[in-house]
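**Student:** So I've got this file, entry35.txt, and it contains compact mmCIF, C-alpha atoms:
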```
# COMPACT_ATOMS: atom_id res chain seq x y z
CA MET U 15 -22.68 -36.75 28.25
CA LYS U 16 -21.11 -33.53 29.54
CA ILE U 17 -17.64 -32.43 28.42
CA LEU U 18 -15.43 -29.77 29.99
CA ILE U 19 -12.97 -28.16 27.56
CA SER U 20 -10.08 -26.37 29.30
CA THR U 21 -8.34 -24.02 26.87
CA ASP U 22 -4.84 -22.58 27.15
CA ILE U 23 -2.99 -20.62 24.46
CA GLU U 24 0.69 -21.61 24.37
CA GLY U 25 -0.06 -24.93 22.67
CA VAL U 26 -2.30 -23.44 19.98
CA ALA U 27 -1.09 -23.80 16.40
CA GLY U 28 0.87 -20.73 15.27
CA VAL U 29 1.65 -19.50 18.79
CA THR U 30 5.40 -19.41 19.37
CA HIS U 31 6.33 -16.14 21.10
CA VAL U 32 5.40 -14.73 24.49
CA GLU U 33 4.04 -11.55 22.86
CA GLN U 34 1.23 -13.67 21.40
CA THR U 35 0.14 -14.67 24.91
CA ARG U 36 -0.08 -11.22 26.48
CA SER U 37 -2.87 -8.74 25.91
CA GLY U 38 -2.35 -5.27 24.50
CA ASN U 39 -0.90 -5.99 21.08
CA ALA U 40 -1.98 -7.13 17.63
CA GLU U 41 -0.14 -10.45 17.88
CA TYR U 42 -2.18 -11.42 20.94
CA GLU U 43 -5.45 -10.44 19.27
CA ARG U 44 -4.63 -12.75 16.37
CA ALA U 45 -3.59 -15.58 18.70
CA ARG U 46 -6.72 -15.38 20.84
CA GLY U 47 -8.70 -15.81 17.64
CA TRP U 48 -6.78 -19.03 16.89
CA MET U 49 -7.39 -20.10 20.49
CA THR U 50 -11.12 -19.54 20.02
CA ASP U 51 -11.08 -21.51 16.76
CA GLU U 52 -9.42 -24.49 18.43
CA ALA U 53 -11.92 -24.34 21.29
CA ASN U 54 -14.74 -24.31 18.75
CA ALA U 55 -13.20 -27.27 16.92
CA ALA U 56 -13.27 -29.24 20.18
CA VAL U 57 -16.86 -28.15 20.83
CA HIS U 58 -17.97 -29.17 17.34
CA GLY U 59 -16.26 -32.53 17.65
CA ALA U 60 -17.66 -33.24 21.09
CA PHE U 61 -21.22 -32.61 19.95
CA ASP U 62 -20.69 -34.62 16.76
CA GLY U 63 -19.43 -37.50 18.88
CA GLY U 64 -22.54 -37.54 21.04
CA ALA U 65 -21.97 -35.03 23.83
CA THR U 66 -25.15 -33.39 25.08
CA GLU U 67 -23.54 -30.51 26.97
CA VAL U 68 -20.19 -28.73 26.65
CA LEU U 69 -18.53 -26.23 28.98
CA VAL U 70 -15.52 -24.20 27.80
CA ASN U 71 -13.13 -22.99 30.50
CA ASP U 72 -10.93 -20.06 29.45
CA SER U 73 -7.73 -21.13 31.21
CA HIS U 74 -4.99 -18.74 30.12
CA GLY U 75 -3.59 -15.79 32.08
CA GLY U 76 -6.44 -13.64 33.34
CA PHE U 77 -8.96 -16.22 32.02
CA ARG U 78 -10.49 -13.63 29.66
CA ASN U 79 -9.10 -14.52 26.25
CA LEU U 80 -11.74 -16.34 24.23
CA LEU U 81 -13.78 -14.31 21.76
CA LEU U 82 -17.14 -15.24 23.19
CA ASP U 83 -19.12 -13.77 20.31
CA ARG U 84 -17.40 -16.35 18.09
CA LEU U 85 -17.85 -19.31 20.43
CA ASP U 86 -20.24 -22.06 19.35
CA ALA U 87 -23.62 -21.02 20.74
CA ARG U 88 -24.30 -24.55 22.02
CA ALA U 89 -21.45 -24.26 24.53
CA GLN U 90 -21.34 -22.35 27.81
CA SER U 91 -18.19 -20.47 28.82
CA ILE U 92 -16.39 -20.11 32.14
CA THR U 93 -14.32 -16.92 32.32
CA GLY U 94 -12.66 -14.68 34.89
CA LYS U 95 -10.64 -15.21 38.06
CA PRO U 96 -9.96 -15.99 40.85
CA ARG U 97 -11.61 -19.41 40.95
CA ASN U 98 -11.08 -22.24 43.42
CA LEU U 99 -10.53 -24.79 40.66
CA GLY U 100 -8.61 -22.53 38.27
CA MET U 101 -8.04 -24.17 34.89
CA MET U 102 -10.38 -27.00 35.87
CA ALA U 103 -13.36 -24.92 36.99
CA GLY U 104 -16.53 -26.62 35.82
CA VAL U 105 -15.30 -30.15 36.48
CA GLU U 106 -17.39 -30.18 39.66
CA LEU U 107 -20.59 -29.80 37.61
CA ASP U 108 -21.07 -33.53 36.95
CA CYS U 109 -18.80 -33.65 33.91
CA ASP U 110 -17.99 -36.98 32.26
CA ALA U 111 -14.62 -36.04 30.74
CA VAL U 112 -12.14 -33.22 30.21
CA TYR U 113 -10.43 -32.07 26.99
CA LEU U 114 -7.21 -30.06 27.35
CA ILE U 115 -6.83 -27.76 24.34
CA GLY U 116 -3.78 -25.60 23.57
CA TYR U 117 -1.76 -26.83 26.55
CA HIS U 118 2.04 -26.70 26.86
CA ALA U 119 4.93 -28.66 28.36
CA ARG U 120 6.11 -28.20 31.93
CA SER U 121 8.81 -25.77 33.02
CA GLN U 122 12.46 -26.30 32.06
CA THR U 123 11.65 -28.53 29.09
CA THR U 124 12.22 -27.81 25.40
CA GLY U 125 8.55 -27.22 24.60
CA VAL U 126 7.26 -24.00 23.09
CA LEU U 127 6.76 -21.42 25.87
CA ALA U 128 7.14 -24.23 28.42
CA HIS U 129 6.31 -23.30 32.01
CA THR U 130 4.33 -24.46 35.01
CA ILE U 131 1.58 -22.07 36.14
CA ASN U 132 3.87 -19.04 36.48
CA SER U 133 7.04 -18.76 34.40
CA PHE U 134 8.27 -15.80 36.46
CA ALA U 135 8.07 -17.61 39.81
CA PHE U 136 8.05 -21.41 39.46
CA ARG U 137 10.95 -23.48 38.16
CA SER U 138 9.49 -26.87 39.02
CA VAL U 139 6.60 -28.46 40.90
CA ARG U 140 6.87 -31.97 42.31
CA VAL U 141 4.02 -33.84 43.96
CA ASN U 142 4.99 -36.92 45.97
CA GLY U 143 8.26 -36.91 44.07
CA ALA U 144 6.76 -36.71 40.56
CA GLU U 145 7.39 -33.55 38.54
CA LEU U 146 4.15 -32.32 37.00
CA GLY U 147 3.15 -29.60 34.57
CA GLU U 148 -0.23 -27.97 34.35
CA ALA U 149 -1.80 -30.94 32.56
CA GLY U 150 -0.69 -33.33 35.29
CA LEU U 151 -1.69 -31.05 38.15
CA TYR U 152 -5.10 -30.22 36.77
CA GLY U 153 -5.64 -33.72 35.41
CA ALA U 154 -5.14 -35.02 38.96
CA LEU U 155 -7.54 -32.36 40.23
CA ALA U 156 -10.14 -33.61 37.75
CA GLY U 157 -9.40 -37.13 38.98
CA GLU U 158 -10.48 -36.16 42.48
CA PHE U 159 -13.92 -35.52 40.99
CA GLY U 160 -13.81 -38.89 39.20
CA VAL U 161 -13.39 -37.24 35.80
CA PRO U 162 -10.83 -38.53 33.25
CA VAL U 163 -8.91 -36.56 30.64
CA ALA U 164 -10.07 -37.89 27.27
CA MET U 165 -8.16 -35.64 24.86
CA PHE U 166 -5.30 -33.14 24.82
CA SER U 167 -3.57 -30.95 22.23
CA GLY U 168 -0.30 -29.03 22.01
CA ASP U 169 3.25 -29.44 20.77
CA ASP U 170 5.22 -32.69 20.49
CA VAL U 171 7.10 -32.16 23.78
CA PHE U 172 3.81 -31.66 25.61
CA LEU U 173 2.35 -34.80 24.02
CA ALA U 174 5.35 -36.93 24.99
CA GLU U 175 5.14 -35.65 28.57
CA THR U 176 1.39 -36.04 28.87
CA ALA U 177 0.48 -39.30 27.08
CA PRO U 178 1.81 -41.58 29.86
CA ILE U 179 -0.28 -39.75 32.46
CA PHE U 180 -3.57 -40.26 30.61
CA PRO U 181 -3.47 -43.70 28.92
CA GLY U 182 -6.23 -44.12 26.35
CA ALA U 183 -6.70 -40.39 25.84
CA ILE U 184 -6.22 -38.96 22.35
CA GLY U 185 -3.38 -36.51 21.74
CA VAL U 186 -3.29 -34.01 18.89
CA GLU U 187 0.05 -32.51 17.85
CA THR U 188 -0.42 -28.95 16.63
CA LYS U 189 3.29 -28.12 16.21
CA ARG U 190 6.82 -29.40 16.77
CA ALA U 191 9.08 -27.54 19.15
CA TYR U 192 12.65 -26.58 18.25
CA GLY U 193 13.17 -24.29 21.20
CA ASN U 194 11.30 -22.13 23.66
CA ALA U 195 10.18 -19.74 20.92
CA VAL U 196 10.78 -21.81 17.77
CA CYS U 197 8.49 -24.35 16.13
CA THR U 198 7.11 -25.75 12.93
CA SER U 199 3.35 -25.43 13.14
CA LEU U 200 0.34 -26.75 11.35
CA ALA U 201 -1.83 -24.13 9.72
CA PRO U 202 -4.55 -23.13 12.21
CA SER U 203 -7.23 -24.61 9.96
CA SER U 204 -5.39 -27.95 9.76
CA ALA U 205 -4.96 -28.06 13.54
CA CYS U 206 -8.66 -27.36 14.01
CA ALA U 207 -9.59 -30.20 11.67
CA LEU U 208 -7.49 -32.66 13.67
CA ILE U 209 -8.84 -31.39 16.98
CA GLU U 210 -12.42 -31.70 15.79
CA GLU U 211 -11.85 -35.27 14.62
CA ALA U 212 -10.16 -36.26 17.87
CA ALA U 213 -12.79 -34.56 20.01
CA SER U 214 -15.48 -36.55 18.24
CA SER U 215 -13.63 -39.87 18.58
CA ALA U 216 -12.80 -39.27 22.23
CA VAL U 217 -16.45 -39.28 23.30
CA SER U 218 -16.80 -42.97 22.54
CA ARG U 219 -13.74 -43.79 24.69
CA ILE U 220 -14.82 -42.01 27.84
CA ARG U 221 -16.47 -45.01 29.51
CA ASP U 222 -13.22 -46.97 29.25
CA LEU U 223 -10.95 -44.29 30.71
CA ARG U 224 -9.78 -44.13 34.29
CA PRO U 225 -9.31 -40.80 36.07
CA PHE U 226 -5.74 -39.85 36.93
CA THR U 227 -5.40 -39.65 40.71
CA MET U 228 -2.59 -39.23 43.21
CA ALA U 229 -2.94 -40.94 46.56
CA GLY U 230 -2.74 -38.68 49.57
CA PRO U 231 -1.38 -37.30 51.73
CA LEU U 232 0.29 -35.02 49.19
CA GLU U 233 3.68 -33.38 49.56
CA CYS U 234 4.57 -30.59 47.16
CA GLU U 235 8.15 -29.55 46.57
CA LEU U 236 8.29 -26.20 44.82
CA THR U 237 11.45 -24.74 43.32
CA THR U 238 11.28 -21.02 42.59
CA GLN U 239 13.20 -19.09 39.97
CA THR U 240 15.07 -17.06 42.61
CA PRO U 241 15.83 -17.27 46.34
CA GLY U 242 13.99 -13.97 46.76
CA GLN U 243 10.76 -15.60 45.64
CA ALA U 244 11.35 -18.39 48.13
CA ASP U 245 11.82 -15.71 50.82
CA LEU U 246 8.38 -14.36 49.95
CA PHE U 247 6.58 -17.71 49.72
CA GLY U 248 8.19 -18.83 52.97
CA GLN U 249 6.07 -16.27 54.82
CA TRP U 250 3.05 -18.53 54.29
CA PRO U 251 2.28 -20.61 57.43
CA GLY U 252 2.99 -24.28 56.83
CA MET U 253 5.63 -23.58 54.17
CA HIS U 254 9.02 -25.13 54.90
CA ARG U 255 12.29 -23.94 53.36
CA VAL U 256 14.32 -26.89 52.07
CA GLU U 257 17.18 -24.85 50.64
CA GLY U 258 17.82 -21.58 48.80
CA SER U 259 15.08 -21.75 46.16
CA THR U 260 13.19 -24.86 47.26
CA LEU U 261 10.20 -25.06 49.58
CA ARG U 262 7.89 -27.83 50.69
CA PHE U 263 4.29 -27.91 51.87
CA ASP U 264 1.70 -30.59 52.55
CA ALA U 265 -1.86 -30.74 51.23
CA ASP U 266 -4.81 -32.98 51.98
CA SER U 267 -6.05 -32.93 48.38
CA MET U 268 -5.00 -31.89 44.89
CA GLN U 269 -7.59 -29.13 45.06
CA SER U 270 -5.88 -27.67 48.13
CA LEU U 271 -2.45 -28.07 46.54
CA VAL U 272 -3.46 -26.29 43.33
CA ARG U 273 -5.14 -23.51 45.28
CA MET U 274 -1.94 -22.97 47.24
CA LEU U 275 0.14 -22.81 44.06
CA ASN U 276 -2.25 -20.28 42.57
CA CYS U 277 -2.11 -18.15 45.72
CA LEU U 278 1.69 -18.19 45.62
CA SER U 279 1.58 -17.28 41.94
CA ALA U 280 -0.58 -14.27 42.76
CA MET U 281 1.80 -13.26 45.60
CA SER U 282 4.74 -13.28 43.22
CA PHE U 283 3.42 -10.23 41.39
CA MET U 284 4.69 -7.98 44.21
CA LEU U 285 8.23 -8.86 43.12
CA ARG U 286 7.82 -8.02 39.44
```
Show this structure as C-alpha cells.

**Tutor:**
Amino acid sequence: MKILISTDIEGVAGVTHVEQTRSGNAEYERARGWMTDEANAAVHGAFDGGATEVLVNDSHGGFRNLLLDRLDARAQSITGKPRNLGMMAGVELDCDAVYLIGYHARSQTTGVLAHTINSFAFRSVRVNGAELGEAGLYGALAGEFGVPVAMFSGDDVFLAETAPIFPGAIGVETKRAYGNAVCTSLAPSSACALIEEAASSAVSRIRDLRPFTMAGPLECELTTQTPGQADLFGQWPGMHRVEGSTLRFDADSMQSLVRMLNCLSAMSFMLR
C-alpha cells in the first residue's frame, strides 16, 4: 500500500499570517517546522495503518519548505519545481491513495489565507462550471491516475468546501477561520495527534473510495485579479478573452489544465 502525502502550509495549525508562508523570516522558519511535524504525523499514521511505502510531496510555494533532516526516515520526499504534476507529483508512481495535509480554502472565501494557486493573479478557477480550489483541482488530477483522496486537513472552511468532493475521506480540522488572517487554532501537538490518528484510520478505507474525476472535454474559466493580468495571459495561444478579467481555455485532461494554470501563474511574476 503506497500513500502520497501532499503538504501545503496555509492549513497547518498555528499558521494565520502571510509572513509565516514566505521564506526569509523567523515566522516562516517556525511555520515550516510545524508543517514538517504535520507531514510526519501523517507519515507515522499511514505506516501504523498498514502502508508499506510513503511519499511526501512538498507542495507549498517553491516546493522547498520541509525540514528534510526531521522527516521520518521511512518516507521519501519530492521537492523542487517546476514539475508537470505540481502538488500531485508522485501520484503517477502507482500510489493507492493521497493525503492532503495543511491545505486551505479556495480564493474569495473566508478561510485562513484562502487562495487558488496564486493569490496575486487568480481570483477564481472554474472547470466545466464548477469552482474549484487546489484540493479539487489536484484531487481531480489524482483521479485521472485512478487514485482517490483518503484524508485531508486544514481549517473549517476548507473542510466544508472539500468534504463533498471526496465522500468517505477523513477530514481533520486544525483551526477555525474568523477571517483571512484570523483563527482559533489547535496547538501544533494536538493537531499532529489528530492527523496521525486519521492517517492511520484512512488506510483501511482506501479500497472503498472512488477517485474524484471530471469528465472531459474540460473547459476552464479563469478570472484574474486585474484586467492587466488578463492582458498578459491572453497572449497564450488558445486563450480566449471572455470579458475584462475573465478568460477561457480548453484542455483535454486535468493534467493539461493544471499545467496551463501553473504556467500562467509563473508568467504573472513579470507583473509583480

**Student:** Of the candidates U:Asn98, U:Asn54, U:Ser215, U:Asn194, which shows the shortest atom-to-atom distance to Leu85 of chain U, using all atoms listed in the file?

**Tutor:**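 Looking at the shortest contact to Leu85 of chain U, the residue is U:Asn54.
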
**Student:** Between atom CA of Lys16 of chain U and atom CA of Ile131 of chain U, measure the distance and give it in Å to one decimal.

**Tutor:**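 Computed distance, atom CA of Lys16 of chain U to atom CA of Ile131 of chain U, equals 26.3 Å.
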
**Student:** Which is closer to Ser121 of chain U than all the others in U:Leu81, U:Val141, U:Leu99, U:Val171, using only C-alpha atoms?

**Tutor:**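 Once distances to Ser121 of chain U are computed over only C-alpha atoms, the minimum belongs to U:Val171.
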
**Student:** Can you tell me, as JSON, numbers by chain, what residues are no more than 8 Å from segment 156-164 of chain U when counting all atoms listed in the file, ignoring any on the same chain fewer than 4 positions away?

**Tutor:** {"U": [102, 105, 106, 109, 110, 111, 112, 113, 114, 152, 180, 182, 183, 184, 216, 217, 219, 220, 223, 224, 225, 226, 227, 268]}

**Student:** Would you work out the distance separating atom CA of Ser214 of chain U from atom CA of Ala89 of chain U, expressed in Å to one decimal?

**Tutor:** 15.0 Å

**Student:** Quick one: segment 119-146 of chain U with N, CA and C atoms, as a CSV table (one decimal), in the frame of the given file?

**Tutor:**
```csv
chain,number,residue,atom,x,y,z
U,119,ALA,N,4.1,-27.8,27.5
U,119,ALA,CA,4.9,-28.7,28.4
U,119,ALA,C,5.3,-27.9,29.7
U,120,ARG,N,5.8,-28.7,30.6
U,120,ARG,CA,6.1,-28.2,31.9
U,120,ARG,C,7.4,-27.4,31.9
U,121,SER,N,7.7,-26.6,32.9
U,121,SER,CA,8.8,-25.8,33.0
U,121,SER,C,10.1,-26.5,32.8
U,122,GLN,N,11.1,-25.8,32.2
U,122,GLN,CA,12.5,-26.3,32.1
U,122,GLN,C,12.6,-27.4,31.0
U,123,THR,N,11.6,-27.6,30.2
U,123,THR,CA,11.6,-28.5,29.1
U,123,THR,C,11.8,-27.7,27.8
U,124,THR,N,12.0,-28.5,26.7
U,124,THR,CA,12.2,-27.8,25.4
U,124,THR,C,10.9,-27.5,24.6
U,125,GLY,N,9.8,-27.6,25.3
U,125,GLY,CA,8.6,-27.2,24.6
U,125,GLY,C,8.4,-25.7,24.3
U,126,VAL,N,7.5,-25.4,23.4
U,126,VAL,CA,7.3,-24.0,23.1
U,126,VAL,C,6.6,-23.3,24.3
U,127,LEU,N,7.3,-22.2,24.8
U,127,LEU,CA,6.8,-21.4,25.9
U,127,LEU,C,6.5,-22.3,27.1
U,128,ALA,N,7.3,-23.3,27.3
U,128,ALA,CA,7.1,-24.2,28.4
U,128,ALA,C,7.2,-23.5,29.8
U,129,HIS,N,6.3,-23.8,30.7
U,129,HIS,CA,6.3,-23.3,32.0
U,129,HIS,C,5.3,-24.1,32.8
U,130,THR,N,5.3,-23.8,34.1
U,130,THR,CA,4.3,-24.5,35.0
U,130,THR,C,3.7,-23.4,35.8
U,131,ILE,N,2.5,-23.0,35.5
U,131,ILE,CA,1.6,-22.1,36.1
U,131,ILE,C,2.1,-20.6,36.0
U,132,ASN,N,3.3,-20.4,36.4
U,132,ASN,CA,3.9,-19.0,36.5
U,132,ASN,C,5.3,-19.1,36.1
U,133,SER,N,5.7,-18.7,34.9
U,133,SER,CA,7.0,-18.8,34.4
U,133,SER,C,8.0,-17.8,35.1
U,134,PHE,N,7.4,-16.7,35.7
U,134,PHE,CA,8.3,-15.8,36.5
U,134,PHE,C,8.7,-16.4,37.8
U,135,ALA,N,7.8,-17.2,38.4
U,135,ALA,CA,8.1,-17.6,39.8
U,135,ALA,C,8.5,-19.1,40.0
U,136,PHE,N,7.9,-20.0,39.2
U,136,PHE,CA,8.0,-21.4,39.5
U,136,PHE,C,9.0,-22.1,38.5
U,137,ARG,N,10.0,-22.7,39.0
U,137,ARG,CA,11.0,-23.5,38.2
U,137,ARG,C,10.5,-24.9,38.0
U,138,SER,N,10.0,-25.5,39.1
U,138,SER,CA,9.5,-26.9,39.0
U,138,SER,C,8.5,-27.1,40.1
U,139,VAL,N,7.6,-28.0,39.9
U,139,VAL,CA,6.6,-28.5,40.9
U,139,VAL,C,6.6,-30.0,40.9
U,140,ARG,N,6.9,-30.5,42.1
U,140,ARG,CA,6.9,-32.0,42.3
U,140,ARG,C,5.8,-32.3,43.3
U,141,VAL,N,5.0,-33.4,43.0
U,141,VAL,CA,4.0,-33.8,44.0
U,141,VAL,C,4.3,-35.3,44.3
U,142,ASN,N,4.6,-35.6,45.5
U,142,ASN,CA,5.0,-36.9,46.0
U,142,ASN,C,6.1,-37.4,45.1
U,143,GLY,N,7.1,-36.5,44.8
U,143,GLY,CA,8.3,-36.9,44.1
U,143,GLY,C,8.2,-36.9,42.6
U,144,ALA,N,7.0,-36.7,42.0
U,144,ALA,CA,6.8,-36.7,40.6
U,144,ALA,C,6.7,-35.3,40.1
U,145,GLU,N,7.5,-34.9,39.1
U,145,GLU,CA,7.4,-33.6,38.5
U,145,GLU,C,6.2,-33.5,37.6
U,146,LEU,N,5.4,-32.5,37.8
U,146,LEU,CA,4.2,-32.3,37.0
U,146,LEU,C,4.1,-30.9,36.4
```
